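This is run00.txt. It holds compact mmCIF, C-alpha atoms.
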# COMPACT_ATOMS: atom_id res chain seq x y z
CA MET A 1368 -11.58 31.53 -51.39
CA ALA A 1369 -11.66 27.99 -52.70
CA PRO A 1370 -9.19 25.43 -51.36
CA VAL A 1371 -6.45 24.36 -53.73
CA PRO A 1372 -7.13 20.84 -55.00
CA GLY A 1373 -4.77 18.31 -53.41
CA SER A 1374 -3.63 20.63 -50.56
CA GLY A 1375 -5.01 18.22 -47.93
CA LEU A 1376 -3.08 15.36 -49.49
CA ALA A 1377 0.12 17.43 -49.47
CA LYS A 1378 -0.35 18.33 -45.78
CA GLY A 1379 -0.94 14.68 -44.88
CA LEU A 1380 2.18 13.55 -46.75
CA ALA A 1381 4.23 16.29 -45.03
CA VAL A 1382 3.12 14.99 -41.61
CA THR A 1383 3.99 11.44 -42.65
CA LEU A 1384 7.47 12.44 -43.84
CA ARG A 1385 8.18 14.38 -40.63
CA THR A 1386 7.09 11.42 -38.50
CA MET A 1387 9.16 8.94 -40.51
CA THR A 1388 12.37 10.86 -39.81
CA LYS A 1389 11.88 11.02 -36.01
CA LYS A 1390 13.22 8.35 -33.66
CA THR A 1391 10.48 6.04 -32.34
CA VAL A 1392 9.63 6.11 -28.63
CA THR A 1393 7.85 2.78 -28.44
CA GLN A 1394 9.11 0.59 -25.60
CA GLN A 1395 9.20 -3.09 -26.40
CA TYR A 1396 7.36 -4.09 -23.21
CA PRO A 1397 8.35 -7.63 -22.34
CA ASP A 1398 11.99 -6.92 -23.15
CA ALA A 1399 12.17 -3.42 -21.64
CA GLN A 1400 10.31 -2.63 -18.43
CA PRO A 1401 8.38 0.67 -18.50
CA ASP A 1402 9.49 3.64 -16.43
CA LEU A 1403 6.61 4.05 -14.00
CA PRO A 1404 5.94 7.13 -11.87
CA PRO A 1405 6.97 6.68 -8.21
CA ARG A 1406 3.44 6.34 -6.76
CA THR A 1407 1.91 4.19 -9.51
CA ARG A 1408 -1.27 2.30 -8.61
CA GLY A 1409 -0.80 -1.32 -9.57
CA VAL A 1410 -2.22 -3.84 -7.12
CA ILE A 1411 -3.09 -3.71 -3.44
CA GLY A 1412 -0.51 -4.95 -0.95
CA LEU A 1413 -1.38 -6.15 2.57
CA PHE A 1414 0.70 -5.37 5.66
CA GLU A 1415 -0.77 -8.21 7.68
CA GLU A 1416 0.71 -7.15 11.04
CA ASN A 1417 -1.39 -3.95 11.01
CA CYS A 1418 -4.68 -5.66 10.11
CA THR A 1419 -7.06 -5.85 13.08
CA VAL A 1420 -9.87 -7.50 11.08
CA CYS A 1421 -12.11 -4.47 11.53
CA MET A 1422 -13.74 -5.31 8.16
CA LEU A 1423 -14.00 -1.65 7.10
CA CYS A 1424 -12.28 -2.34 3.78
CA ALA A 1425 -14.68 -5.16 2.92
CA ARG A 1426 -17.75 -3.17 3.99
CA GLU A 1427 -16.79 -0.06 2.02
CA CYS A 1428 -15.75 -1.87 -1.16
CA PRO A 1429 -18.33 -1.02 -3.85
CA ASP A 1430 -17.58 -4.27 -5.72
CA TRP A 1431 -17.51 -6.57 -2.66
CA CYS A 1432 -14.28 -8.11 -3.92
CA ILE A 1433 -12.52 -8.38 -0.53
CA TYR A 1434 -12.98 -11.61 1.41
CA ILE A 1435 -12.00 -11.72 5.09
CA ASP A 1436 -12.30 -14.62 7.53
CA SER A 1437 -11.22 -14.47 11.16
CA HIS A 1438 -11.70 -16.02 14.56
CA LYS A 1439 -11.49 -14.72 18.11
CA GLU A 1440 -8.75 -15.72 20.52
CA THR A 1441 -8.68 -15.09 24.24
CA VAL A 1442 -5.60 -13.31 25.50
CA PRO A 1443 -4.87 -13.95 29.17
CA ALA A 1444 -4.79 -11.00 31.53
CA ALA A 1445 -1.46 -9.17 31.72
CA THR A 1446 -1.74 -8.68 35.49
CA PRO A 1447 -3.04 -11.06 38.16
CA GLY A 1448 -6.71 -10.45 38.80
CA GLY A 1449 -7.06 -8.66 35.47
CA ARG A 1450 -9.65 -9.42 32.87
CA ASP A 1451 -8.98 -11.71 29.92
CA ARG A 1452 -9.18 -9.95 26.56
CA SER A 1453 -10.31 -11.25 23.21
CA ARG A 1454 -8.83 -10.26 19.88
CA ASN A 1455 -9.55 -11.05 16.26
CA VAL A 1456 -7.07 -13.20 14.39
CA LEU A 1457 -6.92 -13.02 10.60
CA ASP A 1458 -7.50 -16.38 8.91
CA ARG A 1459 -8.08 -15.30 5.32
CA PHE A 1460 -7.66 -12.03 3.45
CA ALA A 1461 -8.23 -12.24 -0.30
CA ILE A 1462 -8.96 -9.75 -3.06
CA ASP A 1463 -10.63 -10.79 -6.30
CA PHE A 1464 -8.86 -8.63 -8.89
CA ALA A 1465 -11.31 -9.82 -11.56
CA LEU A 1466 -13.96 -7.77 -9.74
CA CYS A 1467 -11.80 -4.96 -8.32
CA MET A 1468 -12.16 -1.59 -10.04
CA TYR A 1469 -9.01 -0.15 -8.37
CA CYS A 1470 -10.87 2.75 -6.78
CA GLY A 1471 -8.67 2.72 -3.65
CA ILE A 1472 -11.55 3.15 -1.19
CA CYS A 1473 -10.32 0.16 0.84
CA ILE A 1474 -6.90 1.79 1.23
CA GLU A 1475 -8.38 5.14 2.24
CA VAL A 1476 -10.75 3.74 4.88
CA CYS A 1477 -8.22 1.42 6.54
CA PRO A 1478 -7.64 3.06 9.95
CA PHE A 1479 -4.54 0.97 10.71
CA ASP A 1480 -2.57 1.37 7.45
CA ALA A 1481 -2.74 -2.29 6.51
CA LEU A 1482 -3.42 -1.76 2.78
CA PHE A 1483 -1.16 0.05 0.30
CA TRP A 1484 -0.84 0.57 -3.45
CA SER A 1485 1.97 -1.47 -4.98
CA PRO A 1486 3.39 -0.53 -8.39
CA GLU A 1487 3.29 -4.19 -9.50
CA PHE A 1488 1.20 -4.58 -12.63
CA GLU A 1489 2.24 -7.99 -13.96
CA TYR A 1490 -0.23 -10.35 -12.36
CA ALA A 1491 -2.22 -11.63 -15.34
CA GLU A 1492 -3.59 -15.16 -15.19
CA THR A 1493 -4.84 -17.51 -17.89
CA ASP A 1494 -7.92 -18.43 -15.84
CA ILE A 1495 -10.16 -15.74 -14.35
CA ARG A 1496 -10.62 -17.82 -11.19
CA ASP A 1497 -6.91 -17.43 -10.45
CA LEU A 1498 -7.27 -13.64 -10.09
CA THR A 1499 -8.40 -14.05 -6.48
CA HIS A 1500 -5.15 -13.49 -4.62
CA GLU A 1501 -4.79 -14.65 -1.03
CA ARG A 1502 -2.90 -12.91 1.77
CA ASP A 1503 0.42 -14.60 0.96
CA LYS A 1504 0.50 -13.02 -2.50
CA LEU A 1505 -0.77 -9.69 -1.13
CA ARG A 1506 2.03 -9.77 1.47
CA GLU A 1507 4.63 -10.32 -1.27
CA TRP A 1508 3.39 -7.21 -3.05
CA MET A 1509 3.66 -5.21 0.16
CA TRP A 1510 7.45 -5.26 -0.06
CA THR A 1511 7.32 -3.54 -3.46
CA VAL A 1512 5.49 -0.50 -2.07
CA PRO A 1513 7.77 2.56 -2.34
CA ALA A 1514 8.54 4.66 0.71
CA PRO A 1515 6.34 7.73 1.14
CA PRO A 1516 7.79 11.00 -0.13
CA ALA A 1517 9.82 12.99 2.38
CA LEU A 1518 8.24 15.92 4.17
CA ASP A 1519 9.02 19.42 3.00
CA PRO A 1520 12.09 20.79 4.78
CA GLY A 1521 10.07 23.66 6.26
CA ALA A 1522 7.09 21.53 7.33
CA GLU A 1523 6.33 21.12 11.00
CA GLU A 1524 6.86 17.75 12.60
CA PRO A 1525 3.76 15.51 12.75
CA LYS A 1526 1.91 15.82 16.06
CA GLU A 1527 2.24 12.10 16.74
CA LEU A 1528 6.04 12.24 16.49
CA ALA A 1529 6.25 15.41 18.57
CA ALA A 1530 4.10 13.84 21.33
CA ALA A 1531 6.13 10.61 21.28
CA ARG A 1532 9.42 12.53 21.44
CA LYS A 1533 8.15 14.66 24.34
CA ALA A 1534 7.05 11.54 26.26
CA ALA A 1535 10.39 9.82 25.59
CA ASP A 1536 12.34 12.88 26.77
CA LYS A 1537 10.21 13.09 29.92
CA LEU A 1538 10.74 9.37 30.64
CA ALA A 1539 14.50 9.70 30.09
CA ALA A 1540 14.64 12.68 32.47
CA GLN A 1541 12.69 10.76 35.15
CA GLN A 1542 14.94 7.74 34.78
CA GLN A 1543 18.04 9.90 35.05
CA GLU A 1544 16.70 11.46 38.28
CA THR A 1545 16.00 8.04 39.84
CA ASP A 1546 19.38 6.61 38.81
CA GLY A 1547 21.23 9.53 40.35
CA PRO A 1548 24.50 10.82 39.01
CA GLY A 1549 26.16 8.68 36.39
CA GLU A 1550 29.59 7.13 36.75
CA GLU A 1551 31.13 9.86 34.65
CA ASP A 1552 29.91 12.45 37.19
CA ARG A 1553 31.56 10.61 40.10
CA THR A 1554 35.21 11.55 40.50
Let's see the structure in the file written out as structure tokens.
Amino acid sequence: MAPVPGSGLAKGLAVTLRTMTKKTVTQQYPDAQPDLPPRTRGVIGLFEENCTVCMLCARECPDWCIYIDSHKETVPAATPGGRDRSRNVLDRFAIDFALCMYCGICIEVCPFDALFWSPEFEYAETDIRDLTHERDKLREWMWTVPAPPALDPGAEEPKELAAARKAADKLAAQQQETDGPGEEDRT
């Protein structure tokens, strides 16, 4: 069976007419901010207090776009006769977003939860050299990281929380035994 001449043109015009009558869904970006999903990957935020300068993120980065500088400080012994300790102090933490491929390996390998995905996506620069963001800017992005989703109501409590609660209850019971009866018990 031979196609009817002009049937393709008629189908194309029908699609065009249907589309012309529908309301547009284009968001005018600079004027209207997009509705992003809750766990959107934008840029990487740094929670500096958790960083121990273990360098795992920099070593595992396939693009080598993370720059970390640190120095060692001696911490005096907590008890007399104890040994002095040394710890790493973070001097510089920078990520070159011109090189970063947003794979998230640095976030996954961080054993101390110092790196997180932030939903911020507006960080364009006019000069490519300005895309290396230092720890101050990374810290600012940290406060835009959304809270993790809540656990399922039927899920068991994480082992860490259960162990901490058990230790706290045991300590409270020991302290109550050493303090003796409280004032409300004395009458």
| Of the residues A:Pro1513, A:Pro1520, A:Gly1471, A:Pro1525, which is the one nearest to Ile1411 of chain A, using only C-alpha atoms? |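 Using only C-alpha atoms, the shortest distance to Ile1411 of chain A belongs to A:Gly1471.
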| request: Can you work out the spacing between atom CA of Ala1522 of chain A and atom CA of Pro1486 of chain A in Å, to one decimal? | output: 27.3 Å
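Near Ala1491 of chain A, within 12 Å and counting only C-alpha atoms, sit Gly1409, Val1410, Phe1464, Ala1465, Arg1496, Asp1497, Leu1498, Thr1499 and His1500 of chain A; same-chain residues fewer than 5 positions away were not included.
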Please produce a file of those selected residues containing C-alpha atoms, as a PDB file, in the frame of the given file.
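Saved to result06.pdb:
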ATOM      1  CA  GLY A1409      -0.800  -1.320  -9.570  1.00  0.00           C
ATOM      2  CA  VAL A1410      -2.220  -3.840  -7.120  1.00  0.00           C
ATOM      3  CA  PHE A1464      -8.860  -8.630  -8.890  1.00  0.00           C
ATOM      4  CA  ALA A1465     -11.310  -9.820 -11.560  1.00  0.00           C
ATOM      5  CA  ARG A1496     -10.620 -17.820 -11.190  1.00  0.00           C
ATOM      6  CA  ASP A1497      -6.910 -17.430 -10.450  1.00  0.00           C
ATOM      7  CA  LEU A1498      -7.270 -13.640 -10.090  1.00  0.00           C
ATOM      8  CA  THR A1499      -8.400 -14.050  -6.480  1.00  0.00           C
ATOM      9  CA  HIS A1500      -5.150 -13.490  -4.620  1.00  0.00           C
TER      10      HIS A1500
END
Complete the atom set of segment 1449-1460 of chain A to all heavy atoms and return it as a compact mmCIF listing (two decimals), in the coordinates of the input.
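Result written to out_3.txt:
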# COMPACT_ATOMS: atom_id res chain seq x y z
N GLY A 1449 -6.57 -9.45 36.61
CA GLY A 1449 -7.06 -8.66 35.47
C GLY A 1449 -8.05 -9.46 34.65
O GLY A 1449 -8.27 -10.65 34.87
N ARG A 1450 -8.64 -8.80 33.70
CA ARG A 1450 -9.65 -9.42 32.87
C ARG A 1450 -9.02 -9.96 31.58
O ARG A 1450 -8.15 -9.32 30.99
CB ARG A 1450 -10.69 -8.36 32.52
CG ARG A 1450 -11.89 -8.87 31.78
CD ARG A 1450 -12.98 -7.82 31.72
NE ARG A 1450 -12.56 -6.62 31.03
CZ ARG A 1450 -12.95 -6.27 29.80
NH1 ARG A 1450 -13.76 -7.05 29.14
NH2 ARG A 1450 -12.54 -5.15 29.26
N ASP A 1451 -9.45 -11.15 31.19
CA ASP A 1451 -8.98 -11.71 29.92
C ASP A 1451 -9.55 -10.87 28.78
O ASP A 1451 -10.67 -10.36 28.84
CB ASP A 1451 -9.45 -13.15 29.75
CG ASP A 1451 -8.74 -14.10 30.70
OD1 ASP A 1451 -7.72 -13.68 31.28
OD2 ASP A 1451 -9.20 -15.24 30.84
N ARG A 1452 -8.77 -10.72 27.73
CA ARG A 1452 -9.18 -9.95 26.56
C ARG A 1452 -9.39 -10.90 25.40
O ARG A 1452 -8.83 -11.99 25.36
CB ARG A 1452 -8.10 -8.93 26.16
CG ARG A 1452 -7.70 -7.99 27.25
CD ARG A 1452 -8.67 -6.88 27.36
NE ARG A 1452 -8.25 -5.98 28.44
CZ ARG A 1452 -8.96 -4.98 28.83
NH1 ARG A 1452 -10.11 -4.73 28.27
NH2 ARG A 1452 -8.55 -4.21 29.80
N SER A 1453 -10.17 -10.47 24.43
CA SER A 1453 -10.31 -11.25 23.21
C SER A 1453 -9.87 -10.37 22.04
O SER A 1453 -10.04 -9.16 22.07
CB SER A 1453 -11.75 -11.72 23.01
OG SER A 1453 -12.60 -10.63 22.78
N ARG A 1454 -9.28 -11.00 21.05
CA ARG A 1454 -8.83 -10.26 19.88
C ARG A 1454 -9.13 -11.08 18.64
O ARG A 1454 -9.20 -12.31 18.68
CB ARG A 1454 -7.35 -9.92 19.95
CG ARG A 1454 -6.44 -11.10 19.85
CD ARG A 1454 -4.98 -10.67 19.91
NE ARG A 1454 -4.13 -11.83 19.76
CZ ARG A 1454 -3.42 -12.10 18.68
NH1 ARG A 1454 -3.42 -11.27 17.67
NH2 ARG A 1454 -2.68 -13.19 18.62
N ASN A 1455 -9.30 -10.38 17.53
CA ASN A 1455 -9.55 -11.05 16.26
C ASN A 1455 -8.24 -11.49 15.63
O ASN A 1455 -7.26 -10.75 15.66
CB ASN A 1455 -10.27 -10.10 15.29
CG ASN A 1455 -11.68 -9.81 15.71
OD1 ASN A 1455 -12.33 -10.67 16.27
ND2 ASN A 1455 -12.15 -8.61 15.45
N VAL A 1456 -8.24 -12.68 15.07
CA VAL A 1456 -7.07 -13.20 14.39
C VAL A 1456 -7.46 -13.45 12.93
O VAL A 1456 -8.46 -14.08 12.64
CB VAL A 1456 -6.58 -14.51 15.04
CG1 VAL A 1456 -5.41 -15.09 14.28
CG2 VAL A 1456 -6.22 -14.27 16.49
N LEU A 1457 -6.65 -12.93 12.03
CA LEU A 1457 -6.92 -13.02 10.60
C LEU A 1457 -6.65 -14.44 10.10
O LEU A 1457 -5.56 -14.97 10.29
CB LEU A 1457 -6.02 -12.02 9.85
CG LEU A 1457 -6.24 -11.87 8.37
CD1 LEU A 1457 -7.63 -11.30 8.09
CD2 LEU A 1457 -5.17 -10.97 7.77
N ASP A 1458 -7.66 -15.06 9.50
CA ASP A 1458 -7.50 -16.38 8.91
C ASP A 1458 -7.33 -16.28 7.39
O ASP A 1458 -6.53 -16.98 6.81
CB ASP A 1458 -8.72 -17.27 9.20
CG ASP A 1458 -8.82 -17.62 10.67
OD1 ASP A 1458 -7.78 -17.73 11.33
OD2 ASP A 1458 -9.97 -17.78 11.15
N ARG A 1459 -8.13 -15.44 6.77
CA ARG A 1459 -8.08 -15.30 5.32
C ARG A 1459 -8.30 -13.84 4.94
O ARG A 1459 -9.18 -13.18 5.47
CB ARG A 1459 -9.16 -16.15 4.67
CG ARG A 1459 -9.18 -16.03 3.16
CD ARG A 1459 -10.27 -16.87 2.54
NE ARG A 1459 -10.14 -16.84 1.09
CZ ARG A 1459 -11.16 -16.65 0.28
NH1 ARG A 1459 -12.38 -16.50 0.74
NH2 ARG A 1459 -10.96 -16.63 -1.02
N PHE A 1460 -7.47 -13.35 4.05
CA PHE A 1460 -7.66 -12.03 3.45
C PHE A 1460 -7.38 -12.21 1.96
O PHE A 1460 -6.26 -12.54 1.58
CB PHE A 1460 -6.70 -11.00 4.05
CG PHE A 1460 -7.04 -9.58 3.69
CD1 PHE A 1460 -7.64 -8.76 4.63
CD2 PHE A 1460 -6.80 -9.07 2.43
CE1 PHE A 1460 -7.98 -7.46 4.31
CE2 PHE A 1460 -7.13 -7.79 2.10
CZ PHE A 1460 -7.71 -6.97 3.05
